[in-house]
>>> print(open('start-v9.txt').read())   # compact mmCIF, N, CA and C atoms
# COMPACT_ATOMS: atom_id res chain seq x y z
N MET A 1 -35.27 -17.40 168.76
CA MET A 1 -34.03 -18.11 168.47
C MET A 1 -33.05 -17.91 169.62
N LEU A 2 -32.45 -19.00 170.06
CA LEU A 2 -31.52 -18.94 171.17
C LEU A 2 -30.15 -18.42 170.73
N ASN A 3 -29.57 -17.56 171.56
CA ASN A 3 -28.20 -17.13 171.28
C ASN A 3 -27.25 -18.15 171.91
N ARG A 4 -25.97 -17.93 171.77
CA ARG A 4 -24.95 -18.87 172.23
C ARG A 4 -25.07 -19.15 173.74
N ILE A 5 -25.20 -18.12 174.52
CA ILE A 5 -25.31 -18.29 175.98
C ILE A 5 -26.57 -19.06 176.35
N ASP A 6 -27.70 -18.72 175.71
CA ASP A 6 -28.95 -19.43 175.99
C ASP A 6 -28.82 -20.91 175.64
N LYS A 7 -28.14 -21.22 174.54
CA LYS A 7 -27.93 -22.62 174.17
C LYS A 7 -27.13 -23.36 175.24
N ILE A 8 -26.09 -22.72 175.74
CA ILE A 8 -25.26 -23.34 176.77
C ILE A 8 -26.08 -23.61 178.03
N ILE A 9 -26.86 -22.62 178.45
CA ILE A 9 -27.71 -22.77 179.63
C ILE A 9 -28.72 -23.89 179.41
N TYR A 10 -29.30 -23.93 178.23
CA TYR A 10 -30.29 -24.96 177.93
C TYR A 10 -29.64 -26.34 177.91
N LEU A 11 -28.52 -26.48 177.20
CA LEU A 11 -27.85 -27.77 177.10
C LEU A 11 -27.47 -28.31 178.48
N LYS A 12 -27.09 -27.44 179.39
CA LYS A 12 -26.69 -27.83 180.74
C LYS A 12 -27.85 -28.51 181.48
N LYS A 13 -29.09 -28.23 181.09
CA LYS A 13 -30.27 -28.81 181.73
C LYS A 13 -30.71 -30.14 181.12
N VAL A 14 -30.09 -30.52 180.00
CA VAL A 14 -30.42 -31.77 179.32
C VAL A 14 -29.63 -32.89 180.00
N PRO A 15 -30.31 -33.95 180.43
CA PRO A 15 -29.64 -34.99 181.22
C PRO A 15 -28.31 -35.50 180.65
N ILE A 16 -28.21 -35.72 179.36
CA ILE A 16 -26.95 -36.27 178.82
C ILE A 16 -25.81 -35.26 178.82
N PHE A 17 -26.13 -33.99 179.01
CA PHE A 17 -25.09 -32.97 178.97
C PHE A 17 -24.87 -32.28 180.31
N GLN A 18 -25.61 -32.63 181.34
CA GLN A 18 -25.57 -31.89 182.61
C GLN A 18 -24.23 -31.97 183.33
N ASN A 19 -23.43 -32.99 183.05
CA ASN A 19 -22.14 -33.12 183.73
C ASN A 19 -20.97 -32.55 182.92
N LEU A 20 -21.28 -31.91 181.81
CA LEU A 20 -20.21 -31.35 180.97
C LEU A 20 -19.71 -30.03 181.53
N THR A 21 -18.47 -29.72 181.21
CA THR A 21 -17.88 -28.45 181.64
C THR A 21 -18.39 -27.32 180.76
N GLY A 22 -18.17 -26.10 181.20
CA GLY A 22 -18.54 -24.93 180.40
C GLY A 22 -17.89 -24.94 179.04
N GLU A 23 -16.63 -25.33 178.99
CA GLU A 23 -15.90 -25.38 177.72
C GLU A 23 -16.52 -26.41 176.77
N GLU A 24 -16.87 -27.57 177.32
CA GLU A 24 -17.49 -28.62 176.49
C GLU A 24 -18.86 -28.15 175.97
N LEU A 25 -19.63 -27.51 176.85
CA LEU A 25 -20.94 -27.00 176.44
C LEU A 25 -20.82 -25.91 175.38
N LEU A 26 -19.81 -25.07 175.50
CA LEU A 26 -19.57 -24.02 174.51
C LEU A 26 -19.28 -24.64 173.15
N PHE A 27 -18.41 -25.62 173.13
CA PHE A 27 -18.06 -26.31 171.90
C PHE A 27 -19.30 -26.95 171.28
N LEU A 28 -20.10 -27.59 172.12
CA LEU A 28 -21.32 -28.26 171.66
C LEU A 28 -22.35 -27.25 171.15
N SER A 29 -22.50 -26.14 171.86
CA SER A 29 -23.49 -25.14 171.45
C SER A 29 -23.18 -24.56 170.07
N ASP A 30 -21.91 -24.51 169.73
CA ASP A 30 -21.51 -23.94 168.44
C ASP A 30 -21.93 -24.78 167.24
N ILE A 31 -22.23 -26.05 167.46
CA ILE A 31 -22.64 -26.89 166.33
C ILE A 31 -24.16 -27.09 166.27
N THR A 32 -24.89 -26.55 167.25
CA THR A 32 -26.34 -26.75 167.25
C THR A 32 -27.05 -25.72 166.38
N THR A 33 -28.17 -26.15 165.84
CA THR A 33 -29.07 -25.25 165.13
C THR A 33 -30.47 -25.47 165.70
N GLU A 34 -31.40 -24.62 165.31
CA GLU A 34 -32.79 -24.79 165.74
C GLU A 34 -33.64 -25.20 164.55
N GLU A 35 -34.59 -26.09 164.82
CA GLU A 35 -35.58 -26.47 163.81
C GLU A 35 -36.96 -26.38 164.44
N ASN A 36 -37.90 -25.87 163.66
CA ASN A 36 -39.29 -25.72 164.11
C ASN A 36 -40.17 -26.70 163.36
N PHE A 37 -41.14 -27.26 164.07
CA PHE A 37 -42.07 -28.22 163.49
C PHE A 37 -43.49 -27.81 163.83
N SER A 38 -44.37 -27.91 162.85
CA SER A 38 -45.79 -27.62 163.05
C SER A 38 -46.44 -28.75 163.84
N GLU A 39 -47.63 -28.50 164.32
CA GLU A 39 -48.40 -29.55 164.99
C GLU A 39 -48.62 -30.70 164.02
N ASN A 40 -48.43 -31.92 164.48
CA ASN A 40 -48.62 -33.14 163.69
C ASN A 40 -47.68 -33.25 162.49
N GLU A 41 -46.50 -32.69 162.60
CA GLU A 41 -45.51 -32.80 161.52
C GLU A 41 -44.56 -33.96 161.82
N ILE A 42 -44.37 -34.80 160.81
CA ILE A 42 -43.43 -35.91 160.95
C ILE A 42 -42.01 -35.34 160.98
N ILE A 43 -41.26 -35.67 162.01
CA ILE A 43 -39.88 -35.22 162.13
C ILE A 43 -38.97 -36.21 161.40
N PHE A 44 -39.19 -37.49 161.64
CA PHE A 44 -38.59 -38.54 160.83
C PHE A 44 -39.48 -39.76 160.90
N GLU A 45 -39.38 -40.61 159.88
CA GLU A 45 -40.21 -41.80 159.81
C GLU A 45 -39.38 -43.06 160.03
N LYS A 46 -40.06 -44.08 160.50
CA LYS A 46 -39.43 -45.39 160.65
C LYS A 46 -38.85 -45.80 159.29
N ASN A 47 -37.72 -46.46 159.32
CA ASN A 47 -37.03 -46.97 158.13
C ASN A 47 -36.47 -45.87 157.22
N THR A 48 -36.28 -44.68 157.78
CA THR A 48 -35.57 -43.64 157.04
C THR A 48 -34.26 -43.36 157.80
N SER A 49 -33.33 -42.73 157.11
CA SER A 49 -32.06 -42.45 157.77
C SER A 49 -32.00 -40.98 158.18
N SER A 50 -31.16 -40.71 159.13
CA SER A 50 -30.96 -39.36 159.62
C SER A 50 -29.59 -39.30 160.26
N ASP A 51 -29.12 -38.11 160.49
CA ASP A 51 -27.82 -37.96 161.15
C ASP A 51 -27.88 -36.86 162.20
N LYS A 52 -29.02 -36.81 162.93
CA LYS A 52 -29.24 -35.72 163.86
C LYS A 52 -29.76 -36.22 165.21
N LEU A 53 -29.34 -35.51 166.26
CA LEU A 53 -29.91 -35.65 167.59
C LEU A 53 -30.81 -34.44 167.79
N TYR A 54 -32.03 -34.66 168.25
CA TYR A 54 -32.99 -33.59 168.49
C TYR A 54 -33.18 -33.42 170.00
N ILE A 55 -33.14 -32.17 170.45
CA ILE A 55 -33.38 -31.84 171.85
C ILE A 55 -34.57 -30.88 171.87
N ILE A 56 -35.62 -31.23 172.58
CA ILE A 56 -36.84 -30.42 172.56
C ILE A 56 -36.67 -29.18 173.45
N ILE A 57 -36.85 -28.02 172.83
CA ILE A 57 -36.84 -26.74 173.56
C ILE A 57 -38.25 -26.44 174.04
N LYS A 58 -39.22 -26.61 173.15
CA LYS A 58 -40.62 -26.46 173.54
C LYS A 58 -41.47 -27.35 172.65
N GLY A 59 -42.58 -27.80 173.20
CA GLY A 59 -43.48 -28.67 172.45
C GLY A 59 -43.46 -30.10 172.97
N ILE A 60 -44.17 -30.96 172.26
CA ILE A 60 -44.29 -32.37 172.62
C ILE A 60 -44.07 -33.21 171.37
N VAL A 61 -43.31 -34.28 171.52
CA VAL A 61 -43.03 -35.19 170.41
C VAL A 61 -43.38 -36.61 170.85
N GLU A 62 -44.06 -37.32 169.97
CA GLU A 62 -44.34 -38.73 170.21
C GLU A 62 -43.42 -39.58 169.34
N ILE A 63 -42.91 -40.63 169.94
CA ILE A 63 -42.15 -41.63 169.22
C ILE A 63 -43.05 -42.87 169.17
N TYR A 64 -43.31 -43.37 167.95
CA TYR A 64 -44.23 -44.50 167.86
C TYR A 64 -43.85 -45.44 166.72
N ILE A 65 -44.42 -46.63 166.80
CA ILE A 65 -44.33 -47.59 165.71
C ILE A 65 -45.75 -48.02 165.37
N GLU A 66 -45.92 -48.51 164.17
CA GLU A 66 -47.21 -49.10 163.79
C GLU A 66 -47.02 -50.60 163.76
N HIS A 67 -47.90 -51.28 164.47
CA HIS A 67 -47.83 -52.73 164.56
C HIS A 67 -49.22 -53.28 164.32
N LYS A 68 -49.33 -54.11 163.31
CA LYS A 68 -50.63 -54.71 162.94
C LYS A 68 -51.68 -53.63 162.73
N GLY A 69 -51.27 -52.54 162.09
CA GLY A 69 -52.20 -51.47 161.76
C GLY A 69 -52.55 -50.53 162.90
N LYS A 70 -51.94 -50.73 164.06
CA LYS A 70 -52.23 -49.88 165.21
C LYS A 70 -50.99 -49.08 165.59
N LYS A 71 -51.23 -47.84 165.97
CA LYS A 71 -50.16 -46.96 166.43
C LYS A 71 -49.84 -47.30 167.88
N GLN A 72 -48.58 -47.65 168.13
CA GLN A 72 -48.14 -47.94 169.50
C GLN A 72 -47.12 -46.88 169.91
N ILE A 73 -47.51 -46.06 170.87
CA ILE A 73 -46.63 -44.98 171.32
C ILE A 73 -45.55 -45.58 172.23
N ILE A 74 -44.32 -45.33 171.85
CA ILE A 74 -43.18 -45.81 172.63
C ILE A 74 -42.86 -44.81 173.73
N SER A 75 -42.88 -43.53 173.38
CA SER A 75 -42.64 -42.49 174.38
C SER A 75 -43.23 -41.16 173.94
N LYS A 76 -43.54 -40.37 174.93
CA LYS A 76 -44.04 -39.01 174.71
C LYS A 76 -43.01 -38.09 175.37
N LEU A 77 -42.39 -37.24 174.58
CA LEU A 77 -41.27 -36.43 175.04
C LEU A 77 -41.64 -34.96 175.13
N LYS A 78 -40.98 -34.27 176.07
CA LYS A 78 -41.26 -32.85 176.28
C LYS A 78 -39.94 -32.09 176.43
N GLU A 79 -40.06 -30.85 176.89
CA GLU A 79 -38.90 -29.99 177.07
C GLU A 79 -37.77 -30.70 177.81
N PHE A 80 -36.55 -30.54 177.30
CA PHE A 80 -35.30 -31.13 177.81
C PHE A 80 -35.13 -32.60 177.45
N ASP A 81 -36.14 -33.24 176.85
CA ASP A 81 -35.98 -34.60 176.37
C ASP A 81 -35.30 -34.56 175.01
N TYR A 82 -34.77 -35.68 174.59
CA TYR A 82 -34.07 -35.75 173.32
C TYR A 82 -34.39 -37.08 172.64
N PHE A 83 -34.14 -37.12 171.33
CA PHE A 83 -34.39 -38.34 170.56
C PHE A 83 -33.53 -38.33 169.31
N GLY A 84 -33.40 -39.49 168.69
CA GLY A 84 -32.57 -39.62 167.49
C GLY A 84 -31.10 -39.81 167.81
N GLU A 85 -30.77 -40.09 169.07
CA GLU A 85 -29.36 -40.14 169.48
C GLU A 85 -28.58 -41.26 168.80
N MET A 86 -29.24 -42.35 168.43
CA MET A 86 -28.51 -43.44 167.77
C MET A 86 -28.01 -43.02 166.40
N SER A 87 -28.66 -42.03 165.80
CA SER A 87 -28.25 -41.52 164.49
C SER A 87 -26.88 -40.86 164.53
N LEU A 88 -26.44 -40.50 165.71
CA LEU A 88 -25.12 -39.87 165.83
C LEU A 88 -23.99 -40.88 165.64
N PHE A 89 -24.30 -42.16 165.80
CA PHE A 89 -23.24 -43.17 165.79
C PHE A 89 -23.26 -44.11 164.61
N ASP A 90 -24.39 -44.27 163.96
CA ASP A 90 -24.41 -45.20 162.83
C ASP A 90 -25.37 -44.72 161.73
N ASP A 91 -25.32 -45.45 160.64
CA ASP A 91 -26.16 -45.10 159.49
C ASP A 91 -27.42 -45.96 159.41
N SER A 92 -27.76 -46.62 160.48
CA SER A 92 -28.94 -47.49 160.48
C SER A 92 -30.21 -46.65 160.32
N LEU A 93 -31.24 -47.31 159.85
CA LEU A 93 -32.53 -46.65 159.68
C LEU A 93 -33.23 -46.49 161.03
N HIS A 94 -34.08 -45.49 161.13
CA HIS A 94 -34.83 -45.27 162.37
C HIS A 94 -35.73 -46.47 162.64
N SER A 95 -35.84 -46.83 163.91
CA SER A 95 -36.68 -47.96 164.31
C SER A 95 -38.10 -47.53 164.66
N ALA A 96 -38.35 -46.22 164.63
CA ALA A 96 -39.67 -45.69 164.97
C ALA A 96 -39.86 -44.36 164.23
N THR A 97 -41.07 -43.83 164.35
CA THR A 97 -41.42 -42.53 163.76
C THR A 97 -41.51 -41.50 164.88
N ALA A 98 -41.07 -40.28 164.57
CA ALA A 98 -41.18 -39.16 165.52
C ALA A 98 -42.11 -38.12 164.90
N ILE A 99 -43.11 -37.68 165.67
CA ILE A 99 -44.06 -36.69 165.19
C ILE A 99 -44.28 -35.63 166.28
N SER A 100 -44.39 -34.39 165.85
CA SER A 100 -44.66 -33.32 166.81
C SER A 100 -46.15 -33.32 167.12
N VAL A 101 -46.49 -33.36 168.39
CA VAL A 101 -47.89 -33.36 168.81
C VAL A 101 -48.41 -31.93 168.84
N SER A 102 -47.52 -31.00 169.11
CA SER A 102 -47.85 -29.58 169.13
C SER A 102 -46.75 -28.84 168.38
N LYS A 103 -46.90 -27.53 168.23
CA LYS A 103 -45.80 -26.76 167.65
C LYS A 103 -44.57 -27.03 168.49
N THR A 104 -43.48 -27.39 167.84
CA THR A 104 -42.29 -27.83 168.55
C THR A 104 -41.04 -27.17 168.00
N THR A 105 -40.15 -26.81 168.90
CA THR A 105 -38.84 -26.28 168.52
C THR A 105 -37.79 -27.18 169.14
N CYS A 106 -36.80 -27.56 168.33
CA CYS A 106 -35.73 -28.43 168.80
C CYS A 106 -34.37 -27.81 168.51
N LEU A 107 -33.44 -28.06 169.41
CA LEU A 107 -32.03 -27.85 169.11
C LEU A 107 -31.59 -29.11 168.39
N VAL A 108 -30.82 -28.96 167.34
CA VAL A 108 -30.41 -30.10 166.53
C VAL A 108 -28.89 -30.17 166.47
N ILE A 109 -28.37 -31.35 166.73
CA ILE A 109 -26.93 -31.58 166.67
C ILE A 109 -26.67 -32.58 165.54
N PRO A 110 -25.92 -32.18 164.52
CA PRO A 110 -25.63 -33.09 163.40
C PRO A 110 -24.49 -34.06 163.74
N ARG A 111 -24.53 -35.23 163.14
CA ARG A 111 -23.52 -36.26 163.39
C ARG A 111 -22.10 -35.75 163.12
N GLU A 112 -21.89 -35.15 161.99
CA GLU A 112 -20.54 -34.72 161.61
C GLU A 112 -19.93 -33.79 162.67
N GLY A 113 -20.65 -32.78 163.06
CA GLY A 113 -20.16 -31.87 164.09
C GLY A 113 -19.99 -32.56 165.43
N PHE A 114 -20.92 -33.46 165.75
CA PHE A 114 -20.86 -34.17 167.02
C PHE A 114 -19.62 -35.04 167.10
N LEU A 115 -19.29 -35.74 166.03
CA LEU A 115 -18.09 -36.58 166.03
C LEU A 115 -16.83 -35.74 166.21
N ASP A 116 -16.82 -34.55 165.64
CA ASP A 116 -15.69 -33.64 165.87
C ASP A 116 -15.60 -33.25 167.34
N VAL A 117 -16.74 -32.99 167.97
CA VAL A 117 -16.77 -32.64 169.39
C VAL A 117 -16.25 -33.81 170.23
N LEU A 118 -16.64 -35.04 169.88
CA LEU A 118 -16.20 -36.21 170.63
C LEU A 118 -14.69 -36.40 170.56
N THR A 119 -14.12 -36.06 169.42
CA THR A 119 -12.67 -36.15 169.27
C THR A 119 -11.98 -35.22 170.25
N GLU A 120 -12.55 -34.04 170.41
CA GLU A 120 -11.97 -33.04 171.30
C GLU A 120 -12.33 -33.31 172.77
N TYR A 121 -13.55 -33.80 173.00
CA TYR A 121 -14.05 -34.01 174.36
C TYR A 121 -14.68 -35.40 174.50
N PRO A 122 -13.89 -36.45 174.65
CA PRO A 122 -14.44 -37.81 174.74
C PRO A 122 -15.35 -38.03 175.95
N SER A 123 -15.28 -37.17 176.95
CA SER A 123 -16.15 -37.33 178.13
C SER A 123 -17.63 -37.21 177.74
N ILE A 124 -17.92 -36.49 176.66
CA ILE A 124 -19.30 -36.37 176.19
C ILE A 124 -19.82 -37.74 175.77
N ALA A 125 -18.97 -38.53 175.11
CA ALA A 125 -19.36 -39.87 174.67
C ALA A 125 -19.69 -40.76 175.86
N ILE A 126 -18.93 -40.63 176.92
CA ILE A 126 -19.16 -41.44 178.11
C ILE A 126 -20.53 -41.11 178.70
N GLU A 127 -20.86 -39.83 178.80
CA GLU A 127 -22.17 -39.44 179.33
C GLU A 127 -23.30 -39.95 178.45
N LEU A 128 -23.12 -39.85 177.14
CA LEU A 128 -24.15 -40.32 176.22
C LEU A 128 -24.32 -41.84 176.33
N LEU A 129 -23.22 -42.56 176.45
CA LEU A 129 -23.31 -44.02 176.59
C LEU A 129 -24.02 -44.42 177.88
N LYS A 130 -23.80 -43.70 178.96
CA LYS A 130 -24.51 -43.98 180.21
C LYS A 130 -26.01 -43.82 180.01
N THR A 131 -26.39 -42.76 179.33
CA THR A 131 -27.82 -42.50 179.10
C THR A 131 -28.42 -43.53 178.17
N LEU A 132 -27.70 -43.90 177.12
CA LEU A 132 -28.21 -44.92 176.20
C LEU A 132 -28.39 -46.25 176.92
N SER A 133 -27.46 -46.59 177.79
CA SER A 133 -27.57 -47.83 178.56
C SER A 133 -28.82 -47.81 179.44
N LYS A 134 -29.06 -46.69 180.08
CA LYS A 134 -30.25 -46.56 180.93
C LYS A 134 -31.53 -46.72 180.11
N ARG A 135 -31.56 -46.09 178.93
CA ARG A 135 -32.76 -46.21 178.08
C ARG A 135 -32.99 -47.65 177.65
N ILE A 136 -31.92 -48.37 177.33
CA ILE A 136 -32.06 -49.76 176.93
C ILE A 136 -32.60 -50.59 178.09
N ARG A 137 -32.06 -50.35 179.28
CA ARG A 137 -32.56 -51.07 180.47
C ARG A 137 -34.03 -50.76 180.73
N ASP A 138 -34.40 -49.49 180.63
CA ASP A 138 -35.80 -49.11 180.85
C ASP A 138 -36.72 -49.77 179.83
N THR A 139 -36.31 -49.77 178.57
CA THR A 139 -37.12 -50.38 177.51
C THR A 139 -37.24 -51.87 177.74
N THR A 140 -36.15 -52.51 178.09
CA THR A 140 -36.17 -53.94 178.37
C THR A 140 -37.11 -54.25 179.53
N GLY A 141 -37.06 -53.40 180.56
CA GLY A 141 -37.94 -53.58 181.71
C GLY A 141 -39.41 -53.46 181.36
N ARG A 142 -39.75 -52.59 180.42
CA ARG A 142 -41.15 -52.44 180.00
C ARG A 142 -41.61 -53.63 179.17
N ILE A 143 -40.70 -54.22 178.40
CA ILE A 143 -41.06 -55.34 177.53
C ILE A 143 -41.24 -56.62 178.34
N LEU A 144 -40.36 -56.83 179.31
CA LEU A 144 -40.38 -58.10 180.07
C LEU A 144 -41.40 -58.10 181.17
>>> encode(input="start-v9.txt", output="structure tokens")
Amino acid sequence: MLNRIDKIIYLKKVPIFQNLTGEELLFLSDITTEENFSENEIIFEKNTSSDKLYIIIKGIVEIYIEHKGKKQIISKLKEFDYFGEMSLFDDSLHSATAISVSKTTCLVIPREGFLDVLTEYPSIAIELLKTLSKRIRDTTGRIL
């Protein structure tokens, strides 16, 4: 289990948080918890709701959809990658399923705490929006 300092150091290495100040990272680290998942454990399923951002500390997670009875992997994520970020902003259902490919540990940021952090530090929202925009562009590029 990561202590407060370890969480700050870890968060600083995550792309969406790398430009945050020490104070912002401290505030963010205080709302994170850790969750462990067994190999092949569903973290969340398509068409279910959630209010969490997951940051992988160790392990591998696949994000996939089933289309015409076939599993289509959207992305395979590893240490320092994150997923579920759209859940921080709305109550929409997940558009894909997330499953742990191996034993996986994640730092988890809940929506309620995250929105409180954004009120105090709006610069975090700007960094997250930049990353979300990049992901949308990348996804669009793969489709077209």
>>> select_by_dssp(input="start-v9.txt", residues="segment 2-143 of chain A", states="alpha helix (DSSP H)", output="ChimeraX atom specification")
/A:4-12,22-29,111-120,123-143
>>> select_by_dssp(input="start-v9.txt", residues="chain A", states="strand (DSSP E)", output="ChimeraX atom specification")
/A:33-37,42-44,52-58,61-67,70-77,82-83,97-100,104-110
>>> residues_around(input="start-v9.txt", residues="segment 84-91 of chain A", least_positions_apart="6", cutoff="12 Å", atoms="only C-alpha atoms", output="VMD selection string")
chain A and resid 16 43 to 56 61 63 77 97 to 98 106 to 118 125 128 to 129 131 to 133 135 to 136
>>> closest_residue(input="start-v9.txt", among="A:Glu120, A:Ile126, A:Thr104, A:Arg137", to="Ser38 of chain A", atoms="all atoms listed in the file")
A:Thr104
>>> atom_distance(input="start-v9.txt", atom1="atom CA of His94 of chain A", atom2="atom CA of Ile74 of chain A")
13.2 Å
>>> axis_aligned_box(input="start-v9.txt", around="segment 108-118 of chain A", padding_each_side="4 Å", output="lines of an AutoDock Vina configuration file")
center_x = -22.8
center_y = -32.8
center_z = 166.1
size_x = 24.1
size_y = 15.6
size_z = 17.0
>>> closest_residue(input="start-v9.txt", among="A:Asn36, A:Ile99, A:Thr105, A:Gly22", to="Lys58 of chain A", atoms="all atoms listed in the file")
A:Thr105
>>> residues_around(input="start-v9.txt", residues="Arg4 of chain A", least_positions_apart="6", cutoff="8 Å", atoms="only N, CA and C atoms", output="tab-separated table (two decimals) with N, CA and C atoms, in the frame of the given file")
chain	number	residue	atom	x	y	z
A	10	TYR	N	-29.30	-23.93	178.23
A	10	TYR	CA	-30.29	-24.96	177.93
A	10	TYR	C	-29.64	-26.34	177.91
A	26	LEU	N	-19.81	-25.07	175.50
A	26	LEU	CA	-19.57	-24.02	174.51
A	26	LEU	C	-19.28	-24.64	173.15
A	29	SER	N	-22.50	-26.14	171.86
A	29	SER	CA	-23.49	-25.14	171.45
A	29	SER	C	-23.18	-24.56	170.07
A	30	ASP	N	-21.91	-24.51	169.73
A	30	ASP	CA	-21.51	-23.94	168.44
A	30	ASP	C	-21.93	-24.78	167.24
>>> atom_distance(input="start-v9.txt", atom1="atom C of Asn19 of chain A", atom2="atom CA of Asp138 of chain A")
22.3 Å
>>> residues_around(input="start-v9.txt", residues="Leu2 of chain A", least_positions_apart="3", cutoff="10 Å", atoms="only C-alpha atoms", output="list of chain:residue names")
A:Ile5, A:Asp6, A:Lys7, A:Ile8, A:Tyr10, A:Thr33, A:Glu34, A:Ile57, A:Leu107
>>> write_last_selection(input="start-v9.txt", atoms="N, CA and C atoms", output="PDB file, in the frame of the given file")
ATOM      1  N   ILE A   5     -25.200 -18.120 174.520  1.00  0.00           N
ATOM      2  CA  ILE A   5     -25.310 -18.290 175.980  1.00  0.00           C
ATOM      3  C   ILE A   5     -26.570 -19.060 176.350  1.00  0.00           C
ATOM      4  N   ASP A   6     -27.700 -18.720 175.710  1.00  0.00           N
ATOM      5  CA  ASP A   6     -28.950 -19.430 175.990  1.00  0.00           C
ATOM      6  C   ASP A   6     -28.820 -20.910 175.640  1.00  0.00           C
ATOM      7  N   LYS A   7     -28.140 -21.220 174.540  1.00  0.00           N
ATOM      8  CA  LYS A   7     -27.930 -22.620 174.170  1.00  0.00           C
ATOM      9  C   LYS A   7     -27.130 -23.360 175.240  1.00  0.00           C
ATOM     10  N   ILE A   8     -26.090 -22.720 175.740  1.00  0.00           N
ATOM     11  CA  ILE A   8     -25.260 -23.340 176.770  1.00  0.00           C
ATOM     12  C   ILE A   8     -26.080 -23.610 178.030  1.00  0.00           C
ATOM     13  N   TYR A  10     -29.300 -23.930 178.230  1.00  0.00           N
ATOM     14  CA  TYR A  10     -30.290 -24.960 177.930  1.00  0.00           C
ATOM     15  C   TYR A  10     -29.640 -26.340 177.910  1.00  0.00           C
ATOM     16  N   THR A  33     -28.170 -26.150 165.840  1.00  0.00           N
ATOM     17  CA  THR A  33     -29.070 -25.250 165.130  1.00  0.00           C
ATOM     18  C   THR A  33     -30.470 -25.470 165.700  1.00  0.00           C
ATOM     19  N   GLU A  34     -31.400 -24.620 165.310  1.00  0.00           N
ATOM     20  CA  GLU A  34     -32.790 -24.790 165.740  1.00  0.00           C
ATOM     21  C   GLU A  34     -33.640 -25.200 164.550  1.00  0.00           C
ATOM     22  N   ILE A  57     -36.850 -28.020 172.830  1.00  0.00           N
ATOM     23  CA  ILE A  57     -36.840 -26.740 173.560  1.00  0.00           C
ATOM     24  C   ILE A  57     -38.250 -26.440 174.040  1.00  0.00           C
ATOM     25  N   LEU A 107     -33.440 -28.060 169.410  1.00  0.00           N
ATOM     26  CA  LEU A 107     -32.030 -27.850 169.110  1.00  0.00           C
ATOM     27  C   LEU A 107     -31.590 -29.110 168.390  1.00  0.00           C
TER      28      LEU A 107
END
>>> closest_residue(input="start-v9.txt", among="A:Ile9, A:Leu93, A:Leu28, A:Val101", to="Glu62 of chain A", atoms="only N, CA and C atoms")
A:Val101
>>> atom_distance(input="start-v9.txt", atom1="atom N of Lys130 of chain A", atom2="atom C of Leu20 of chain A")
14.5 Å
>>> residues_near_point(input="start-v9.txt", point="(-18.4, -32.5, 176.9)", cutoff="6 Å", atoms="all atoms listed in the file", output="VMD selection string")
chain A and resid 20 to 21 24 to 25 121 123 to 124
>>> write_last_selection(input="start-v9.txt", atoms="N, CA and C atoms", output="compact mmCIF listing (two decimals), keeping the file's coordinate frame")
# COMPACT_ATOMS: atom_id res chain seq x y z
N LEU A 20 -21.28 -31.91 181.81
CA LEU A 20 -20.21 -31.35 180.97
C LEU A 20 -19.71 -30.03 181.53
N THR A 21 -18.47 -29.72 181.21
CA THR A 21 -17.88 -28.45 181.64
C THR A 21 -18.39 -27.32 180.76
N GLU A 24 -16.87 -27.57 177.32
CA GLU A 24 -17.49 -28.62 176.49
C GLU A 24 -18.86 -28.15 175.97
N LEU A 25 -19.63 -27.51 176.85
CA LEU A 25 -20.94 -27.00 176.44
C LEU A 25 -20.82 -25.91 175.38
N TYR A 121 -13.55 -33.80 173.00
CA TYR A 121 -14.05 -34.01 174.36
C TYR A 121 -14.68 -35.40 174.50
N SER A 123 -15.28 -37.17 176.95
CA SER A 123 -16.15 -37.33 178.13
C SER A 123 -17.63 -37.21 177.74
N ILE A 124 -17.92 -36.49 176.66
CA ILE A 124 -19.30 -36.37 176.19
C ILE A 124 -19.82 -37.74 175.77
